[in-house]
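Everything below belongs to coords_8.cif, which stores mmCIF, C-alpha atoms and all ligand atoms.
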data_final
loop_
_atom_site.label_atom_id
_atom_site.label_comp_id
_atom_site.auth_asym_id
_atom_site.auth_seq_id
_atom_site.Cartn_x
_atom_site.Cartn_y
_atom_site.Cartn_z
CA MET E 10 -18.05 -80.94 -11.48
CA ILE E 11 -15.90 -78.51 -9.59
CA ASP E 12 -13.11 -79.34 -7.18
CA SER E 13 -14.04 -77.18 -4.18
CA ASP E 14 -10.72 -77.50 -2.42
CA SER E 15 -8.50 -76.53 -5.32
CA PHE E 16 -11.00 -73.78 -6.26
CA LYS E 17 -10.76 -72.30 -2.76
CA LYS E 18 -6.96 -72.57 -2.77
CA THR E 19 -6.66 -70.67 -6.06
CA PHE E 20 -9.18 -68.09 -4.90
CA LEU E 21 -7.42 -67.54 -1.57
CA SER E 22 -4.02 -67.07 -3.14
CA GLU E 23 -5.45 -64.47 -5.56
CA LEU E 24 -7.31 -62.80 -2.75
CA ASN E 25 -4.22 -62.50 -0.60
CA SER E 26 -2.10 -61.11 -3.37
CA ALA E 27 -4.64 -58.32 -4.04
CA SER E 28 -3.06 -55.17 -2.68
CA SER E 29 -5.80 -52.57 -3.24
CA VAL E 30 -9.57 -52.20 -3.17
CA SER E 31 -9.61 -51.79 -6.95
CA GLU E 32 -7.75 -55.11 -7.47
CA LEU E 33 -10.36 -56.73 -5.23
CA GLN E 34 -13.03 -55.40 -7.50
CA GLN E 35 -11.41 -57.21 -10.44
CA ILE E 36 -11.40 -60.46 -8.44
CA ARG E 37 -15.08 -60.02 -7.62
CA VAL E 38 -15.88 -59.66 -11.33
CA LYS E 39 -13.70 -62.64 -12.20
CA TYR E 40 -15.56 -64.95 -9.79
CA LEU E 41 -19.04 -63.54 -9.34
CA GLY E 42 -19.62 -61.39 -12.40
CA LYS E 43 -22.13 -62.23 -15.19
CA LYS E 44 -19.38 -64.11 -16.99
CA GLY E 45 -17.58 -65.04 -13.79
CA LEU E 46 -16.18 -68.51 -13.06
CA LEU E 47 -18.99 -69.54 -10.70
CA THR E 48 -21.75 -68.08 -12.87
CA LEU E 49 -20.48 -70.08 -15.83
CA GLN E 50 -20.54 -73.30 -13.80
CA LEU E 51 -24.31 -72.92 -13.43
CA LYS E 52 -24.69 -73.38 -17.19
CA ASP E 53 -24.13 -77.10 -16.79
CA LEU E 54 -26.98 -77.36 -14.28
CA PRO E 55 -29.80 -78.28 -16.75
CA THR E 56 -27.77 -81.18 -18.16
CA LEU E 57 -27.47 -82.90 -14.80
CA ALA E 58 -29.72 -85.48 -13.25
CA ALA E 59 -32.11 -84.22 -10.56
CA GLU E 60 -30.04 -85.70 -7.71
CA GLU E 61 -26.75 -84.27 -8.93
CA ARG E 62 -28.37 -80.96 -9.68
CA ARG E 63 -29.23 -80.35 -6.03
CA SER E 64 -25.82 -81.17 -4.62
CA PHE E 65 -24.05 -79.32 -7.45
CA GLY E 66 -26.25 -76.21 -6.96
CA LYS E 67 -25.64 -76.38 -3.25
CA SER E 68 -21.85 -76.59 -3.63
CA ILE E 69 -21.82 -73.67 -6.11
CA ASN E 70 -23.88 -71.55 -3.69
CA GLU E 71 -21.54 -72.41 -0.86
CA LEU E 72 -18.58 -71.38 -3.00
CA LYS E 73 -20.33 -68.12 -3.88
CA GLU E 74 -20.83 -67.34 -0.21
CA TYR E 75 -17.24 -68.33 0.48
CA VAL E 76 -15.96 -65.98 -2.22
CA GLU E 77 -18.20 -63.14 -1.08
CA ALA E 78 -17.18 -63.50 2.56
CA GLY E 79 -13.52 -63.64 1.57
CA ILE E 80 -13.75 -60.52 -0.54
CA THR E 81 -15.65 -58.61 2.17
CA SER E 82 -13.15 -59.36 4.89
CA ARG E 83 -10.17 -58.62 2.66
CA GLU E 84 -11.87 -55.39 1.62
CA SER E 85 -12.04 -54.11 5.16
CA VAL E 86 -8.32 -54.80 5.60
CA LEU E 87 -7.36 -53.18 2.31
CA SER E 88 -9.53 -50.10 2.69
CA LYS E 89 -7.90 -49.41 6.04
CA ALA E 90 -4.49 -49.80 4.38
CA ASP E 91 -5.59 -47.47 1.55
CA LEU E 92 -6.64 -44.85 4.07
CA ARG E 93 -3.36 -45.16 5.93
CA LYS E 94 -1.44 -44.73 2.65
CA ARG E 95 -3.44 -41.60 1.81
CA LEU E 96 -2.99 -40.14 5.27
CA VAL E 97 0.76 -40.53 4.93
CA SER E 98 1.05 -39.25 1.35
CA GLU E 99 -1.28 -36.29 1.87
CA SER E 100 -0.05 -35.26 5.30
CA ILE E 101 1.26 -31.75 5.88
CA ASP E 102 4.35 -31.10 7.95
CA VAL E 103 3.14 -28.28 10.15
CA THR E 104 6.64 -27.81 11.55
CA LEU E 105 8.02 -26.57 8.19
CA PRO E 106 8.54 -22.80 7.90
CA GLY E 107 5.59 -20.97 6.28
CA LYS E 108 5.74 -19.11 2.97
CA TYR E 109 7.10 -15.55 3.51
CA THR E 110 4.79 -12.83 2.25
CA PRO E 111 6.53 -9.45 2.34
CA VAL E 112 4.28 -6.70 3.66
CA GLY E 113 4.73 -3.17 2.33
CA ARG E 114 4.44 -0.03 4.40
CA GLU E 115 3.78 3.66 3.97
CA HIS E 116 6.72 5.72 2.65
CA PRO E 117 7.99 8.14 5.35
CA ILE E 118 7.16 11.12 3.12
CA ASN E 119 3.57 9.94 2.69
CA LYS E 120 3.33 9.22 6.41
CA VAL E 121 4.38 12.75 7.35
CA LEU E 122 2.29 14.24 4.53
CA ARG E 123 -0.71 12.44 5.99
CA GLU E 124 0.09 13.74 9.50
CA ILE E 125 0.40 17.31 8.17
CA THR E 126 -2.87 16.98 6.25
CA ASP E 127 -4.68 15.56 9.31
CA ILE E 128 -3.60 18.49 11.48
CA PHE E 129 -4.92 21.10 9.04
CA VAL E 130 -8.10 19.20 8.24
CA ARG E 131 -8.85 19.19 11.98
CA MET E 132 -8.44 23.01 11.92
CA GLY E 133 -11.09 23.22 9.19
CA PHE E 134 -8.85 23.43 6.11
CA SER E 135 -10.01 21.66 2.98
CA ILE E 136 -7.66 20.09 0.42
CA GLU E 137 -7.02 21.46 -3.07
CA GLU E 138 -4.79 20.28 -5.88
CA GLY E 139 -3.22 21.80 -8.96
CA PRO E 140 -1.22 20.57 -11.98
CA GLU E 141 2.50 19.76 -11.72
CA VAL E 142 3.04 20.90 -15.29
CA GLU E 143 2.02 24.51 -14.87
CA LEU E 144 1.77 27.71 -16.84
CA ASP E 145 4.36 30.39 -16.19
CA TYR E 146 1.36 32.62 -15.52
CA TYR E 147 0.22 30.70 -12.41
CA ASN E 148 3.67 29.84 -11.11
CA PHE E 149 5.11 33.37 -11.42
CA GLU E 150 3.14 36.07 -13.20
CA ALA E 151 -0.06 36.01 -11.12
CA LEU E 152 2.03 35.62 -7.95
CA ASN E 153 3.59 39.00 -8.57
CA PHE E 154 6.90 37.84 -10.00
CA PRO E 155 7.36 40.19 -12.97
CA ARG E 156 8.89 38.71 -16.20
CA GLU E 157 12.49 39.53 -15.46
CA HIS E 158 12.26 39.20 -11.70
CA PRO E 159 15.47 37.64 -10.26
CA ALA E 160 13.35 35.38 -8.00
CA ARG E 161 12.45 33.39 -11.12
CA ASP E 162 16.07 32.43 -11.51
CA MET E 163 16.38 31.66 -7.83
CA GLN E 164 13.70 29.04 -8.30
CA ASP E 165 15.82 26.97 -10.73
CA THR E 166 12.91 26.33 -13.02
CA PHE E 167 12.51 23.33 -15.36
CA PHE E 168 11.07 24.70 -18.59
CA VAL E 169 8.81 22.67 -20.90
CA THR E 170 8.27 25.57 -23.31
CA GLU E 171 8.71 29.27 -22.75
CA ASP E 172 5.30 29.49 -21.06
CA VAL E 173 4.96 25.97 -19.65
CA ILE E 174 7.09 24.83 -16.74
CA LEU E 175 7.21 22.24 -13.96
CA ARG E 176 5.83 24.11 -10.98
CA THR E 177 8.57 25.25 -8.63
CA HIS E 178 6.22 25.56 -5.64
CA THR E 179 2.60 24.84 -4.69
CA SER E 180 1.72 28.56 -4.57
CA PRO E 181 0.11 28.54 -8.08
CA VAL E 182 -2.74 26.58 -6.49
CA GLN E 183 -3.61 29.82 -4.58
CA ILE E 184 -4.41 31.51 -7.90
CA ARG E 185 -6.25 28.56 -9.42
CA VAL E 186 -8.52 28.24 -6.38
CA MET E 187 -9.20 32.00 -6.12
CA GLU E 188 -10.18 32.06 -9.82
CA LYS E 189 -12.73 29.34 -9.05
CA ILE E 190 -14.11 30.26 -5.60
CA LYS E 191 -15.09 33.47 -3.81
CA PRO E 192 -13.99 34.07 -0.16
CA PRO E 193 -14.05 32.90 2.55
CA LEU E 194 -11.41 30.26 1.71
CA ARG E 195 -9.38 27.98 3.90
CA PHE E 196 -7.40 25.19 2.25
CA ILE E 197 -4.09 23.40 2.02
CA ALA E 198 -2.56 22.22 -1.27
CA PRO E 199 -0.13 19.31 -0.92
CA GLY E 200 1.86 18.06 -3.90
CA LYS E 201 5.07 17.56 -5.84
CA VAL E 202 7.23 20.47 -6.97
CA TYR E 203 10.36 20.59 -9.13
CA ARG E 204 13.59 22.55 -9.01
CA CYS E 205 16.80 21.92 -10.89
CA ASP E 206 18.91 21.33 -7.80
CA ALA E 207 20.61 18.31 -6.22
CA ASP E 208 22.72 17.86 -3.08
CA VAL E 209 22.31 16.44 0.47
CA SER E 210 19.37 18.72 1.16
CA HIS E 211 17.90 19.17 -2.36
CA THR E 212 16.34 16.78 -4.90
CA PRO E 213 14.93 17.86 -8.28
CA MET E 214 11.48 16.73 -7.13
CA PHE E 215 10.18 17.23 -3.61
CA HIS E 216 6.90 17.80 -1.81
CA GLN E 217 5.34 20.97 -0.45
CA VAL E 218 2.20 21.79 1.43
CA GLU E 219 0.72 25.19 0.70
CA GLY E 220 -1.65 26.76 3.21
CA PHE E 221 -4.07 29.56 2.34
CA MET E 222 -6.84 31.43 4.14
CA VAL E 223 -8.83 34.47 2.97
CA ASP E 224 -11.72 36.28 4.63
CA THR E 225 -12.72 39.81 5.61
CA ASP E 226 -10.74 39.95 8.86
CA ILE E 227 -7.70 37.70 8.62
CA SER E 228 -4.69 39.11 10.45
CA PHE E 229 -1.07 38.15 11.00
CA SER E 230 -2.02 36.81 14.43
CA ASP E 231 -4.33 34.29 12.75
CA LEU E 232 -1.33 33.14 10.73
CA LYS E 233 0.76 32.89 13.90
CA GLY E 234 -1.94 30.97 15.73
CA VAL E 235 -2.45 28.46 12.92
CA LEU E 236 1.28 27.86 12.39
CA GLU E 237 2.11 27.60 16.10
CA THR E 238 -0.70 25.09 16.55
CA PHE E 239 0.59 23.13 13.56
CA ILE E 240 4.22 23.14 14.73
CA HIS E 241 3.29 22.09 18.27
CA ARG E 242 1.31 19.17 16.88
CA ILE E 243 3.77 17.96 14.23
CA PHE E 244 6.85 18.30 16.49
CA SER E 245 6.01 18.72 20.19
CA PRO E 246 4.00 21.19 22.30
CA GLU E 247 7.21 22.61 23.80
CA THR E 248 8.85 23.48 20.45
CA PRO E 249 9.81 27.19 20.38
CA VAL E 250 8.59 29.07 17.27
CA ARG E 251 10.05 32.27 15.81
CA PHE E 252 8.89 34.48 12.94
CA ARG E 253 11.68 36.27 11.06
CA PRO E 254 11.10 39.03 8.46
CA SER E 255 11.66 37.84 4.89
CA PHE E 256 10.52 38.49 1.34
CA PHE E 257 8.24 36.74 -1.17
CA PRO E 258 6.70 38.63 -4.11
CA PHE E 259 3.22 37.24 -3.33
CA THR E 260 3.11 38.04 0.41
CA GLU E 261 3.52 41.31 2.28
CA PRO E 262 4.71 41.29 4.97
CA SER E 263 6.57 38.01 4.59
CA ALA E 264 8.19 35.84 7.20
CA GLU E 265 10.37 32.84 7.52
CA VAL E 266 9.33 30.58 10.39
CA ASP E 267 11.97 28.90 12.55
CA ILE E 268 11.68 26.31 15.28
CA GLY E 269 14.10 25.92 18.19
CA CYS E 270 16.75 23.41 17.06
CA ILE E 271 15.45 19.97 18.01
CA PHE E 272 18.96 18.49 18.02
CA CYS E 273 20.73 20.85 20.48
CA LYS E 274 17.58 22.28 22.09
CA GLY E 275 18.68 25.79 21.09
CA LYS E 276 22.25 25.64 22.42
CA GLY E 277 23.77 25.75 18.94
CA CYS E 278 25.09 22.80 16.94
CA GLN E 279 26.24 21.79 13.44
CA VAL E 280 22.72 21.25 12.13
CA CYS E 281 21.49 24.74 13.14
CA LYS E 282 24.91 26.20 12.33
CA GLY E 283 25.27 27.48 15.87
CA THR E 284 22.11 29.62 15.77
CA GLY E 285 19.87 27.37 17.87
CA TRP E 286 17.12 27.77 15.22
CA LEU E 287 15.99 25.78 12.16
CA GLU E 288 14.01 27.30 9.31
CA ILE E 289 10.98 25.22 8.42
CA LEU E 290 8.63 27.29 6.27
CA GLY E 291 7.84 30.52 4.46
CA ALA E 292 4.70 32.55 5.10
CA GLY E 293 3.10 35.97 4.95
CA MET E 294 -0.03 38.04 4.37
CA VAL E 295 -1.38 37.80 0.83
CA ASN E 296 -0.02 40.68 -1.27
CA PRO E 297 -2.90 42.97 -2.43
CA HIS E 298 -1.50 42.72 -6.00
CA VAL E 299 -2.25 39.01 -5.96
CA PHE E 300 -5.87 39.70 -4.95
CA GLU E 301 -6.13 42.18 -7.83
CA MET E 302 -4.87 39.53 -10.29
CA VAL E 303 -7.86 37.30 -9.49
CA GLY E 304 -10.42 40.08 -9.08
CA TYR E 305 -10.70 39.99 -5.27
CA ASP E 306 -11.14 43.45 -3.72
CA PRO E 307 -8.01 44.07 -1.57
CA GLU E 308 -9.96 46.65 0.43
CA THR E 309 -12.45 43.99 1.50
CA TYR E 310 -10.31 40.90 1.90
CA THR E 311 -7.15 39.95 3.73
CA GLY E 312 -5.49 36.56 3.96
CA PHE E 313 -2.41 34.60 4.77
CA ALA E 314 -0.35 32.02 2.92
CA PHE E 315 2.37 29.62 3.95
CA GLY E 316 4.41 26.92 2.27
CA MET E 317 6.50 24.14 3.73
CA GLY E 318 8.74 21.35 2.44
CA VAL E 319 7.58 17.90 3.49
CA GLU E 320 11.05 16.32 3.10
CA ARG E 321 12.55 19.00 5.34
CA ILE E 322 9.98 18.41 8.09
CA THR E 323 10.41 14.63 7.81
CA MET E 324 14.21 14.97 8.04
CA LEU E 325 13.90 17.08 11.18
CA LYS E 326 11.29 14.80 12.75
CA TYR E 327 13.39 11.67 12.23
CA SER E 328 16.95 13.12 12.30
CA ILE E 329 17.70 12.15 8.69
CA ASP E 330 20.76 13.95 7.31
CA ASP E 331 20.51 13.15 3.57
CA ILE E 332 17.34 13.90 1.56
CA ARG E 333 18.35 11.44 -1.18
CA LEU E 334 17.64 8.50 1.16
CA PHE E 335 13.91 9.09 0.57
CA PHE E 336 14.21 8.28 -3.12
CA GLU E 337 16.76 5.45 -3.20
CA ASN E 338 14.14 2.84 -2.23
CA ASP E 339 16.51 1.02 0.10
CA ILE E 340 14.17 -1.14 2.16
CA ARG E 341 16.56 -1.08 5.13
CA PHE E 342 16.00 2.68 5.33
CA LEU E 343 12.27 2.67 4.54
CA ARG E 344 11.52 -0.08 7.11
CA GLN E 345 12.49 2.17 10.00
CA PHE E 346 9.39 4.36 9.96
N1 LIG J 1 6.20 29.25 -2.27
C1 LIG J 1 7.25 29.60 -1.36
C2 LIG J 1 8.47 28.77 -1.67
O1 LIG J 1 8.35 27.74 -2.30
C3 LIG J 1 6.84 29.38 0.08
C4 LIG J 1 5.75 30.33 0.50
C5 LIG J 1 4.43 29.95 0.35
C6 LIG J 1 6.05 31.55 1.07
C7 LIG J 1 3.42 30.79 0.74
C8 LIG J 1 5.05 32.38 1.47
C9 LIG J 1 3.74 32.03 1.34
O2 LIG J 1 9.57 29.07 -1.26
#

Re-express the file's structure as structure tokens.
Ligand code: PHE
Amino acid sequence: MIDSDSFKKTFLSELNSASSVSELQQIRVKYLGKKGLLTLQLKDLPTLAAEERRSFGKSINELKEYVEAGITSRESVLSKADLRKRLVSESIDVTLPGKYTPVGREHPINKVLREITDIFVRMGFSIEEGPEVELDYYNFEALNFPREHPARDMQDTFFVTEDVILRTHTSPVQIRVMEKIKPPLRFIAPGKVYRCDADVSHTPMFHQVEGFMVDTDISFSDLKGVLETFIHRIFSPETPVRFRPSFFPFTEPSAEVDIGCIFCKGKGCQVCKGTGWLEILGAGMVNPHVFEMVGYDPETYTGFAFGMGVERITMLKYSIDDIRLFFENDIRFLRQF
């Protein structure tokens, strides 16, 4: 026989010391499982007299129900406690600072290069490219610089071999495109160029944008119109523009293009060295010798060319006085654009 009272006491004390749903599960197995305490009691049933059997069976069933009810009610308490524990341990403190993800931005040179490109693309210019490691032929020879021409020295060339150099300007793209395509042509050629030179306004690598247009009736006034439109868009519509006679072997006539000093508004200051003007690009009408070099008939075709330094334009646009800042990768500088 089983002592109901002491059985219940033991059970209750175990039940109350269970601190999790999984411990409860162990208690359930211990009491009600196939080999559980109550199940084992039933083994004695056949050996009992009919009278005893009934009352014994009844008391075992009562105990079973008692155990089940106890476990169920304790379970509801413990599962709530489990949930509370999880909510606390898995909670997120939304008041903590978030993880900082640095966001990059466009380099000022690329930004201005993109603005320059956009302006010319809107005027119908396409975009061409050429190699940075260039043949002497394209960089000088075909552009009408003869072998011993002093302008070759002026360019401070980086030599790879006697005939292979780092291009000193984007003008060789003129020749490469003309060898490939017949007129009419209208393109710009942006890219890196190299000159052995370094100070506050020169770096050994910098960017140029070449402009080139050839057709049967291109005149100097077309050049003026295109460049004035460009300058008024990249700086401001009020910017004064001046063409000054100059010399390049591959253009004739040649000009240097100045804008009214944007710092002193033309009054004269340190930046414009008192002249009121700032030089921003070189230009001219394509020299007939250059057309002959690529097999274009100079009697049929005329054209213009221009070339500008992207760093120079960026420095003027943003009042930057040292070109080296562009290449030092100081985020405090680069963030400002
Ligand atoms: N290539 C010249 C330079 O780098 C600029 C230029 C381009 C001048 C086209 C005239 C025409 O100085």

Contact residues around Arg251 in chain E with all atoms listed in the file at 7 Å, ignoring same-chain residues under 2 positions, as a CSV table (one decimal) with C-alpha atoms, keeping the file's coordinate frame:
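result_2.csv, written as the output of this step:
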chain,number,residue,atom,x,y,z
E,249,PRO,CA,9.8,27.2,20.4
E,253,ARG,CA,11.7,36.3,11.1
E,266,VAL,CA,9.3,30.6,10.4
E,267,ASP,CA,12.0,28.9,12.6
E,268,ILE,CA,11.7,26.3,15.3

Nearest to ligand LIG 1 (chain J), chosen from E:Glu337, E:Asp102, E:Asp165, E:Glu188, with only C-alpha atoms and all ligand atoms counted in the distances: E:Asp165

Quick one: contact table of range 55-130 of chain E to range 313-330 of chain E, 7 Å max, nearest atom pair and distance in Å to one decimal per residue, counting only C-alpha atoms, chain and number order, as CSV?
residue,atom,partner,partner_atom,distance
E:Ile118,CA,E:Glu320,CA,6.5
E:Val121,CA,E:Thr323,CA,6.3
E:Leu122,CA,E:Val319,CA,6.5

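Neighbours of ligand LIG 1 (chain J) at a cut-off of 8 Å, computed so that only C-alpha atoms and all ligand atoms are counted, are the residues Thr177, His178, Thr179, Ser180, Gln217, Glu219, Gly220, Phe221, Phe257, Phe259, Thr260, Ser263, Ala264, Glu265, Leu290, Gly291, Ala292, Gly293, Met294, Val295, Phe313, Ala314, Phe315, Gly316, Met317 and Gly318 of chain E.
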
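Nearest to Gly275 in chain E of all the residues E:Ile240, E:Leu287, E:Val103, E:Val223 is E:Leu287, based on only C-alpha atoms.
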
Distance query Arg204 in chain E at most 7 Å, all atoms listed in the file, self and fewer than 4 positions along chain excluded, as a PyMOL selection string: chain E and resi 164-167+177+213-214

Selection: 12 Å around Leu87 in chain E, only C-alpha atoms, excl. self and same-chain fewer than 3 positions, as an MDAnalysis selection string: chainID E and resid 24:34 80:84 90:94

Could the residues in this selection be written to a file with C-alpha atoms, as a CSV table (one decimal), in the coordinates of the input?
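Output contents, as saved in selection-v6.csv:
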chain,number,residue,atom,x,y,z
E,24,LEU,CA,-7.3,-62.8,-2.8
E,25,ASN,CA,-4.2,-62.5,-0.6
E,26,SER,CA,-2.1,-61.1,-3.4
E,27,ALA,CA,-4.6,-58.3,-4.0
E,28,SER,CA,-3.1,-55.2,-2.7
E,29,SER,CA,-5.8,-52.6,-3.2
E,30,VAL,CA,-9.6,-52.2,-3.2
E,31,SER,CA,-9.6,-51.8,-7.0
E,32,GLU,CA,-7.8,-55.1,-7.5
E,33,LEU,CA,-10.4,-56.7,-5.2
E,34,GLN,CA,-13.0,-55.4,-7.5
E,80,ILE,CA,-13.8,-60.5,-0.5
E,81,THR,CA,-15.6,-58.6,2.2
E,82,SER,CA,-13.2,-59.4,4.9
E,83,ARG,CA,-10.2,-58.6,2.7
E,84,GLU,CA,-11.9,-55.4,1.6
E,90,ALA,CA,-4.5,-49.8,4.4
E,91,ASP,CA,-5.6,-47.5,1.6
E,92,LEU,CA,-6.6,-44.8,4.1
E,93,ARG,CA,-3.4,-45.2,5.9
E,94,LYS,CA,-1.4,-44.7,2.6

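Close to (11.5, 17.5, -17.8), meaning no more than 10 Å away when counting all atoms listed in the file, sit the residues Val142, Phe167, Phe168, Val169, Ile174, Leu175, Tyr203 and Cys205 of chain E.
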
For those residues, write C-alpha atoms to a file as a tab-separated table (two decimals), keeping the file's coordinate frame.
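Once written, selection14.tsv looks like this:
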chain	number	residue	atom	x	y	z
E	142	VAL	CA	3.04	20.90	-15.29
E	167	PHE	CA	12.51	23.33	-15.36
E	168	PHE	CA	11.07	24.70	-18.59
E	169	VAL	CA	8.81	22.67	-20.90
E	174	ILE	CA	7.09	24.83	-16.74
E	175	LEU	CA	7.21	22.24	-13.96
E	203	TYR	CA	10.36	20.59	-9.13
E	205	CYS	CA	16.80	21.92	-10.89

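Atom pair CA of Val218 in chain E / CA of Asp172 in chain E has a distance of 24.0 Å (rounded to one decimal).
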
Coordinates-based distance that separates CA of Pro55 in chain E from CA of Lys39 in chain E (Å, one decimal): 22.9 Å

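Taking all atoms listed in the file into account, Pro193 in chain E lies nearest to E:Thr309 out of the set E:Thr309, E:Thr284, E:Thr126, E:Asn148.
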
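Surrounding residues of (5.5, 1.8, 2.9) at most 10 Å away are E:Val112, E:Gly113, E:Arg114, E:Glu115, E:His116, E:Pro117, E:Ile118, E:Asn119, E:Lys120, E:Ile340, E:Leu343, E:Arg344, E:Gln345, E:Phe346 (based on only C-alpha atoms).
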